[in-house]
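Structure first, commentary second.
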Amino acid sequence: PRPILLTRHGESRDNVRGRIGGDTVLSDAGELYAKKLANFVEKRLKSERAASIWTSTLQRTIITASPIVGFPKIQWRALDEINAGVCDGMTYEEIKKNMPEEYESRKKDKLRYRYPRGESYLDVIQRLEPVIIELERQRAPVVVISHQAVLRALYSYFADRPLKEIPHIEVPLHTIIEIQMGVTGVQEKRYKLMD
Ligand code: F6P
């Protein structure tokens with residue numbers, strides 16, 4: 001069996017302010033997570049010469065990967081966070097106040113709701129298909145450093161969770177989800193590196 005390690009980027013400045021989307025750098029806590037993650041990965045994948053690190057094209061994942069040395073890094077646009085369209089950069093409070101209909105429609109059907117000029121969870125699931133095909137094809141371990149909505153979709157694929165649950169699955173910050181694909185099925189471990 002070979003592991004797939006899934007993690008969100010370290011806490012970003014937008015996470016601290018509760019803003020969705022964006023492309024900010026990390027907070028101090030996020031920077032610390034990046035170092036702890038590098039430590040973990042270097043130990044866990046020590047003798048795995050063919051392992052690779054996959055990030056999105058957004059700064060917060062690339063910076064989170066940067067302390068990891070000794071493995072090739074690949075950027076995928078398909079691993080970018082759900083595109084919140086006109087709501088990008090807003091807080092949930094601001095959306096609720098300024099665009100109450102949008103807020104309500106999303107609450108009613110988070111899976112299918114598409115942000116104006118942005119994406120829905122179903123859109124994200126669809127664009128992840130090539131990433132999943134490539135992950136399945138890999139023989140060596142892969143570390144995927146991505147974002148909340150994207151990781152909900154990726155995790156659900158491997159953990160075989162129903163579609164309707166995807167937008168609500170918990171994928172906390174500063175936690176590594178290790179998935180082992182063996183002949184007997186899929187096993188999962190979680191490592192919480194920080195509070
Ligand atoms: O808040 C962090 C974040 O990654 C946002 O950039 C993104 O819009 C959101 O999470 C996705 O989570 P949800 O679908 O629950 O709003």
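Identifiers in this document derive from the order of the structure tokens: chains are assigned A, B, ..., residues are numbered from 1 separately in each chain, and ligands are numbered from 1 in order of occurrence.
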
Residues within 12 Å of region 172-183 of chain A, only C-alpha atoms, excluding chain neighbours under 6 positions, as JSON, numbers by chain: {"A": [1, 2, 3, 4, 5, 6, 7, 8, 9, 10, 11, 12, 15, 16, 29, 30, 31, 32, 33, 34, 35, 36, 37, 38, 40, 41, 44, 64, 135, 136, 137, 138, 139, 140, 141, 142, 143, 144, 145, 146, 147, 148, 149, 151, 152, 154, 155, 156, 157, 158, 159, 160, 189, 190, 191, 192, 193, 194, 195]}

Please identify every polymer residue within 9 Å of ligand 1, using only C-alpha atoms and all ligand atoms, and present the set as a ChimeraX atom specification. /A:8,12,14-15,18-23,81-84,87-89,91-92,110-111,120-121,146-150,152,167-169

How would the residues just chosen look if you wrote them out with C-alpha atoms as an mmCIF file, in the first residue's frame?
```cif
data_model
loop_
_atom_site.group_PDB
_atom_site.id
_atom_site.type_symbol
_atom_site.label_atom_id
_atom_site.label_comp_id
_atom_site.auth_asym_id
_atom_site.auth_seq_id
_atom_site.Cartn_x
_atom_site.Cartn_y
_atom_site.Cartn_z
ATOM 1 C CA ARG A 8 -5.125 22.107 3.567
ATOM 2 C CA SER A 12 -3.879 32.161 5.588
ATOM 3 C CA ASP A 14 -7.854 35.516 4.760
ATOM 4 C CA ASN A 15 -8.680 32.558 7.025
ATOM 5 C CA GLY A 18 -12.931 35.012 7.640
ATOM 6 C CA ARG A 19 -12.670 35.993 3.970
ATOM 7 C CA ILE A 20 -13.381 33.334 1.371
ATOM 8 C CA GLY A 21 -11.291 32.774 -1.748
ATOM 9 C CA GLY A 22 -8.526 35.306 -2.357
ATOM 10 C CA ASP A 23 -4.835 34.610 -2.717
ATOM 11 C CA GLU A 81 -10.112 26.450 -4.228
ATOM 12 C CA ILE A 82 -13.766 26.632 -5.308
ATOM 13 C CA ASN A 83 -14.203 29.857 -7.271
ATOM 14 C CA ALA A 84 -16.610 32.045 -5.294
ATOM 15 C CA CYS A 87 -18.375 36.674 -3.592
ATOM 16 C CA ASP A 88 -14.607 36.153 -3.711
ATOM 17 C CA GLY A 89 -12.987 38.071 -0.859
ATOM 18 C CA THR A 91 -17.019 37.043 4.595
ATOM 19 C CA TYR A 92 -20.095 34.817 5.035
ATOM 20 C CA LYS A 110 -24.751 23.682 -1.142
ATOM 21 C CA LEU A 111 -23.793 20.861 -3.502
ATOM 22 C CA SER A 120 -20.488 24.891 -7.483
ATOM 23 C CA TYR A 121 -19.258 21.829 -5.621
ATOM 24 C CA SER A 146 -4.957 22.114 -1.371
ATOM 25 C CA HIS A 147 -8.099 23.791 -0.027
ATOM 26 C CA GLN A 148 -11.207 23.020 1.994
ATOM 27 C CA ALA A 149 -13.794 22.479 -0.771
ATOM 28 C CA VAL A 150 -11.375 20.629 -3.070
ATOM 29 C CA ARG A 152 -13.781 17.559 0.704
ATOM 30 C CA PRO A 167 -19.987 20.049 1.068
ATOM 31 C CA HIS A 168 -20.345 19.323 4.798
ATOM 32 C CA ILE A 169 -17.370 17.046 5.520
#
```

Where does DSSP see strand (DSSP E or B) in region 50-189 of chain A, if you list the residues as a list of chain:residue names?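 Answer for region 50-189 of chain A, restricted to strand (DSSP E or B): A:Ser52, A:Ile53, A:Trp54, A:Thr55, A:Lys73, A:Ile74, A:Gln75, A:Thr91, A:Val142, A:Val143, A:Val144, A:Ile145, A:Ser146, A:Thr175, A:Ile176, A:Ile177, A:Glu178, A:Ile179, A:Gln180, A:Met181, A:Gly182, A:Gly185, A:Val186, A:Gln187, A:Glu188, A:Lys189.
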
Run DSSP on the backbone and grab whatever in region 46-152 of chain A lands in helix (DSSP H, G or I); send it over as a PDB file with N, CA and C atoms, in the first residue's frame.
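Once everything was written out, this is selection15.pdb:
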```pdb
ATOM      1  N   GLN A  59      -0.935  30.968  -3.871  1.00  0.00           N
ATOM      2  CA  GLN A  59       0.220  31.210  -2.998  1.00  0.00           C
ATOM      3  C   GLN A  59       0.206  30.404  -1.709  1.00  0.00           C
ATOM      4  N   ARG A  60      -0.986  30.355  -1.082  1.00  0.00           N
ATOM      5  CA  ARG A  60      -1.022  29.742   0.247  1.00  0.00           C
ATOM      6  C   ARG A  60      -0.633  28.262   0.247  1.00  0.00           C
ATOM      7  N   THR A  61      -0.893  27.564  -0.859  1.00  0.00           N
ATOM      8  CA  THR A  61      -0.463  26.149  -0.897  1.00  0.00           C
ATOM      9  C   THR A  61       1.018  26.043  -1.294  1.00  0.00           C
ATOM     10  N   ILE A  62       1.450  26.916  -2.173  1.00  0.00           N
ATOM     11  CA  ILE A  62       2.845  26.883  -2.634  1.00  0.00           C
ATOM     12  C   ILE A  62       3.780  27.245  -1.466  1.00  0.00           C
ATOM     13  N   ILE A  63       3.378  28.241  -0.678  1.00  0.00           N
ATOM     14  CA  ILE A  63       4.171  28.634   0.492  1.00  0.00           C
ATOM     15  C   ILE A  63       4.163  27.522   1.546  1.00  0.00           C
ATOM     16  N   THR A  64       3.023  26.857   1.693  1.00  0.00           N
ATOM     17  CA  THR A  64       2.941  25.751   2.660  1.00  0.00           C
ATOM     18  C   THR A  64       3.893  24.618   2.263  1.00  0.00           C
ATOM     19  N   ALA A  65       4.053  24.407   0.958  1.00  0.00           N
ATOM     20  CA  ALA A  65       4.943  23.335   0.484  1.00  0.00           C
ATOM     21  C   ALA A  65       6.411  23.731   0.551  1.00  0.00           C
ATOM     22  N   ARG A  77      -3.854  23.610 -11.499  1.00  0.00           N
ATOM     23  CA  ARG A  77      -4.942  24.574 -11.411  1.00  0.00           C
ATOM     24  C   ARG A  77      -6.218  23.889 -10.910  1.00  0.00           C
ATOM     25  N   ALA A  78      -6.350  22.610 -11.241  1.00  0.00           N
ATOM     26  CA  ALA A  78      -7.537  21.857 -10.809  1.00  0.00           C
ATOM     27  C   ALA A  78      -7.597  21.704  -9.287  1.00  0.00           C
ATOM     28  N   LEU A  79      -6.482  21.966  -8.597  1.00  0.00           N
ATOM     29  CA  LEU A  79      -6.495  21.895  -7.128  1.00  0.00           C
ATOM     30  C   LEU A  79      -6.783  23.250  -6.476  1.00  0.00           C
ATOM     31  N   GLY A  85     -16.585  33.378  -7.349  1.00  0.00           N
ATOM     32  CA  GLY A  85     -17.098  34.373  -8.296  1.00  0.00           C
ATOM     33  C   GLY A  85     -17.231  35.758  -7.684  1.00  0.00           C
ATOM     34  N   VAL A  86     -18.433  36.351  -7.772  1.00  0.00           N
ATOM     35  CA  VAL A  86     -18.649  37.713  -7.271  1.00  0.00           C
ATOM     36  C   VAL A  86     -18.478  37.796  -5.747  1.00  0.00           C
ATOM     37  N   CYS A  87     -18.507  36.673  -5.062  1.00  0.00           N
ATOM     38  CA  CYS A  87     -18.375  36.674  -3.592  1.00  0.00           C
ATOM     39  C   CYS A  87     -16.928  36.517  -3.135  1.00  0.00           C
ATOM     40  N   TYR A  92     -18.735  35.376   5.123  1.00  0.00           N
ATOM     41  CA  TYR A  92     -20.095  34.817   5.035  1.00  0.00           C
ATOM     42  C   TYR A  92     -21.122  35.839   5.530  1.00  0.00           C
ATOM     43  N   GLU A  93     -20.755  36.604   6.564  1.00  0.00           N
ATOM     44  CA  GLU A  93     -21.627  37.658   7.094  1.00  0.00           C
ATOM     45  C   GLU A  93     -21.968  38.689   6.018  1.00  0.00           C
ATOM     46  N   GLU A  94     -20.951  39.100   5.263  1.00  0.00           N
ATOM     47  CA  GLU A  94     -21.171  40.093   4.198  1.00  0.00           C
ATOM     48  C   GLU A  94     -22.084  39.538   3.114  1.00  0.00           C
ATOM     49  N   ILE A  95     -21.910  38.267   2.786  1.00  0.00           N
ATOM     50  CA  ILE A  95     -22.772  37.659   1.757  1.00  0.00           C
ATOM     51  C   ILE A  95     -24.213  37.633   2.264  1.00  0.00           C
ATOM     52  N   LYS A  96     -24.379  37.240   3.515  1.00  0.00           N
ATOM     53  CA  LYS A  96     -25.714  37.144   4.114  1.00  0.00           C
ATOM     54  C   LYS A  96     -26.407  38.509   4.095  1.00  0.00           C
ATOM     55  N   LYS A  97     -25.631  39.550   4.391  1.00  0.00           N
ATOM     56  CA  LYS A  97     -26.187  40.895   4.492  1.00  0.00           C
ATOM     57  C   LYS A  97     -26.440  41.523   3.112  1.00  0.00           C
ATOM     58  N   ASN A  98     -25.453  41.397   2.222  1.00  0.00           N
ATOM     59  CA  ASN A  98     -25.538  42.097   0.938  1.00  0.00           C
ATOM     60  C   ASN A  98     -26.205  41.292  -0.167  1.00  0.00           C
ATOM     61  N   PRO A 100     -28.612  38.365   0.286  1.00  0.00           N
ATOM     62  CA  PRO A 100     -29.335  37.362   1.072  1.00  0.00           C
ATOM     63  C   PRO A 100     -29.895  36.206   0.236  1.00  0.00           C
ATOM     64  N   GLU A 101     -30.307  36.488  -1.017  1.00  0.00           N
ATOM     65  CA  GLU A 101     -30.854  35.389  -1.835  1.00  0.00           C
ATOM     66  C   GLU A 101     -29.773  34.370  -2.154  1.00  0.00           C
ATOM     67  N   GLU A 102     -28.587  34.890  -2.457  1.00  0.00           N
ATOM     68  CA  GLU A 102     -27.474  33.976  -2.753  1.00  0.00           C
ATOM     69  C   GLU A 102     -27.171  33.129  -1.519  1.00  0.00           C
ATOM     70  N   TYR A 103     -27.130  33.806  -0.390  1.00  0.00           N
ATOM     71  CA  TYR A 103     -26.828  33.111   0.864  1.00  0.00           C
ATOM     72  C   TYR A 103     -27.830  31.987   1.115  1.00  0.00           C
ATOM     73  N   GLU A 104     -29.108  32.294   0.923  1.00  0.00           N
ATOM     74  CA  GLU A 104     -30.166  31.298   1.159  1.00  0.00           C
ATOM     75  C   GLU A 104     -30.099  30.152   0.159  1.00  0.00           C
ATOM     76  N   SER A 105     -29.868  30.472  -1.114  1.00  0.00           N
ATOM     77  CA  SER A 105     -29.819  29.378  -2.111  1.00  0.00           C
ATOM     78  C   SER A 105     -28.664  28.440  -1.816  1.00  0.00           C
ATOM     79  N   ARG A 106     -27.559  29.006  -1.365  1.00  0.00           N
ATOM     80  CA  ARG A 106     -26.422  28.130  -1.079  1.00  0.00           C
ATOM     81  C   ARG A 106     -26.738  27.237   0.114  1.00  0.00           C
ATOM     82  N   LYS A 107     -27.382  27.840   1.112  1.00  0.00           N
ATOM     83  CA  LYS A 107     -27.725  27.071   2.303  1.00  0.00           C
ATOM     84  C   LYS A 107     -28.665  25.920   1.958  1.00  0.00           C
ATOM     85  N   LYS A 108     -29.577  26.180   1.027  1.00  0.00           N
ATOM     86  CA  LYS A 108     -30.578  25.179   0.654  1.00  0.00           C
ATOM     87  C   LYS A 108     -29.967  24.006  -0.089  1.00  0.00           C
ATOM     88  N   TYR A 121     -19.984  23.038  -5.999  1.00  0.00           N
ATOM     89  CA  TYR A 121     -19.258  21.829  -5.621  1.00  0.00           C
ATOM     90  C   TYR A 121     -19.248  20.824  -6.774  1.00  0.00           C
ATOM     91  N   LEU A 122     -20.382  20.719  -7.483  1.00  0.00           N
ATOM     92  CA  LEU A 122     -20.418  19.775  -8.605  1.00  0.00           C
ATOM     93  C   LEU A 122     -19.382  20.147  -9.668  1.00  0.00           C
ATOM     94  N   ASP A 123     -19.206  21.466  -9.894  1.00  0.00           N
ATOM     95  CA  ASP A 123     -18.170  21.914 -10.845  1.00  0.00           C
ATOM     96  C   ASP A 123     -16.784  21.479 -10.369  1.00  0.00           C
ATOM     97  N   VAL A 124     -16.546  21.650  -9.065  1.00  0.00           N
ATOM     98  CA  VAL A 124     -15.234  21.299  -8.502  1.00  0.00           C
ATOM     99  C   VAL A 124     -14.983  19.798  -8.658  1.00  0.00           C
ATOM    100  N   ILE A 125     -16.020  19.010  -8.337  1.00  0.00           N
ATOM    101  CA  ILE A 125     -15.893  17.551  -8.438  1.00  0.00           C
ATOM    102  C   ILE A 125     -15.527  17.157  -9.870  1.00  0.00           C
ATOM    103  N   GLN A 126     -16.162  17.818 -10.833  1.00  0.00           N
ATOM    104  CA  GLN A 126     -15.910  17.505 -12.234  1.00  0.00           C
ATOM    105  C   GLN A 126     -14.479  17.874 -12.648  1.00  0.00           C
ATOM    106  N   ARG A 127     -14.005  19.041 -12.218  1.00  0.00           N
ATOM    107  CA  ARG A 127     -12.671  19.446 -12.670  1.00  0.00           C
ATOM    108  C   ARG A 127     -11.558  18.637 -11.979  1.00  0.00           C
ATOM    109  N   GLU A 129     -11.490  15.427 -11.871  1.00  0.00           N
ATOM    110  CA  GLU A 129     -11.362  14.116 -12.505  1.00  0.00           C
ATOM    111  C   GLU A 129      -9.945  13.796 -12.989  1.00  0.00           C
ATOM    112  N   PRO A 130      -9.288  14.690 -13.735  1.00  0.00           N
ATOM    113  CA  PRO A 130      -7.914  14.369 -14.167  1.00  0.00           C
ATOM    114  C   PRO A 130      -6.933  14.193 -13.002  1.00  0.00           C
ATOM    115  N   VAL A 131      -7.144  14.928 -11.924  1.00  0.00           N
ATOM    116  CA  VAL A 131      -6.275  14.784 -10.746  1.00  0.00           C
ATOM    117  C   VAL A 131      -6.461  13.393 -10.140  1.00  0.00           C
ATOM    118  N   ILE A 132      -7.717  12.965 -10.055  1.00  0.00           N
ATOM    119  CA  ILE A 132      -8.010  11.649  -9.482  1.00  0.00           C
ATOM    120  C   ILE A 132      -7.427  10.538 -10.353  1.00  0.00           C
ATOM    121  N   ILE A 133      -7.559  10.679 -11.645  1.00  0.00           N
ATOM    122  CA  ILE A 133      -6.990   9.671 -12.558  1.00  0.00           C
ATOM    123  C   ILE A 133      -5.484   9.574 -12.346  1.00  0.00           C
ATOM    124  N   GLU A 134      -4.826  10.713 -12.235  1.00  0.00           N
ATOM    125  CA  GLU A 134      -3.371  10.732 -12.048  1.00  0.00           C
ATOM    126  C   GLU A 134      -2.983  10.182 -10.667  1.00  0.00           C
ATOM    127  N   LEU A 135      -3.777  10.493  -9.648  1.00  0.00           N
ATOM    128  CA  LEU A 135      -3.512   9.958  -8.303  1.00  0.00           C
ATOM    129  C   LEU A 135      -3.637   8.435  -8.295  1.00  0.00           C
ATOM    130  N   GLU A 136      -4.623   7.924  -8.993  1.00  0.00           N
ATOM    131  CA  GLU A 136      -4.833   6.474  -9.070  1.00  0.00           C
ATOM    132  C   GLU A 136      -3.677   5.790  -9.799  1.00  0.00           C
ATOM    133  N   ARG A 137      -3.118   6.499 -10.768  1.00  0.00           N
ATOM    134  CA  ARG A 137      -2.066   5.935 -11.607  1.00  0.00           C
ATOM    135  C   ARG A 137      -0.715   5.891 -10.887  1.00  0.00           C
ATOM    136  N   GLN A 148     -10.081  23.678   1.329  1.00  0.00           N
ATOM    137  CA  GLN A 148     -11.207  23.020   1.994  1.00  0.00           C
ATOM    138  C   GLN A 148     -12.192  22.325   1.035  1.00  0.00           C
ATOM    139  N   ALA A 149     -12.753  23.062   0.084  1.00  0.00           N
ATOM    140  CA  ALA A 149     -13.794  22.479  -0.771  1.00  0.00           C
ATOM    141  C   ALA A 149     -13.212  21.361  -1.650  1.00  0.00           C
ATOM    142  N   VAL A 150     -12.029  21.601  -2.189  1.00  0.00           N
ATOM    143  CA  VAL A 150     -11.375  20.629  -3.070  1.00  0.00           C
ATOM    144  C   VAL A 150     -11.048  19.344  -2.303  1.00  0.00           C
ATOM    145  N   LEU A 151     -10.556  19.507  -1.076  1.00  0.00           N
ATOM    146  CA  LEU A 151     -10.191  18.327  -0.291  1.00  0.00           C
ATOM    147  C   LEU A 151     -11.423  17.562   0.173  1.00  0.00           C
ATOM    148  N   ARG A 152     -12.532  18.267   0.396  1.00  0.00           N
ATOM    149  CA  ARG A 152     -13.781  17.559   0.704  1.00  0.00           C
ATOM    150  C   ARG A 152     -14.119  16.610  -0.443  1.00  0.00           C
TER     151      ARG A 152
END
```

As a check of understanding: the span from CA of Met90 (chain A) to CA of Ala153 (chain A) is 22.6 Å

CA of Met99 (chain A) to CA of Glu170 (chain A), distance in Å rounded to a single decimal: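 Going from CA of Met99 (chain A) over to CA of Glu170 (chain A) covers 25.6 Å.
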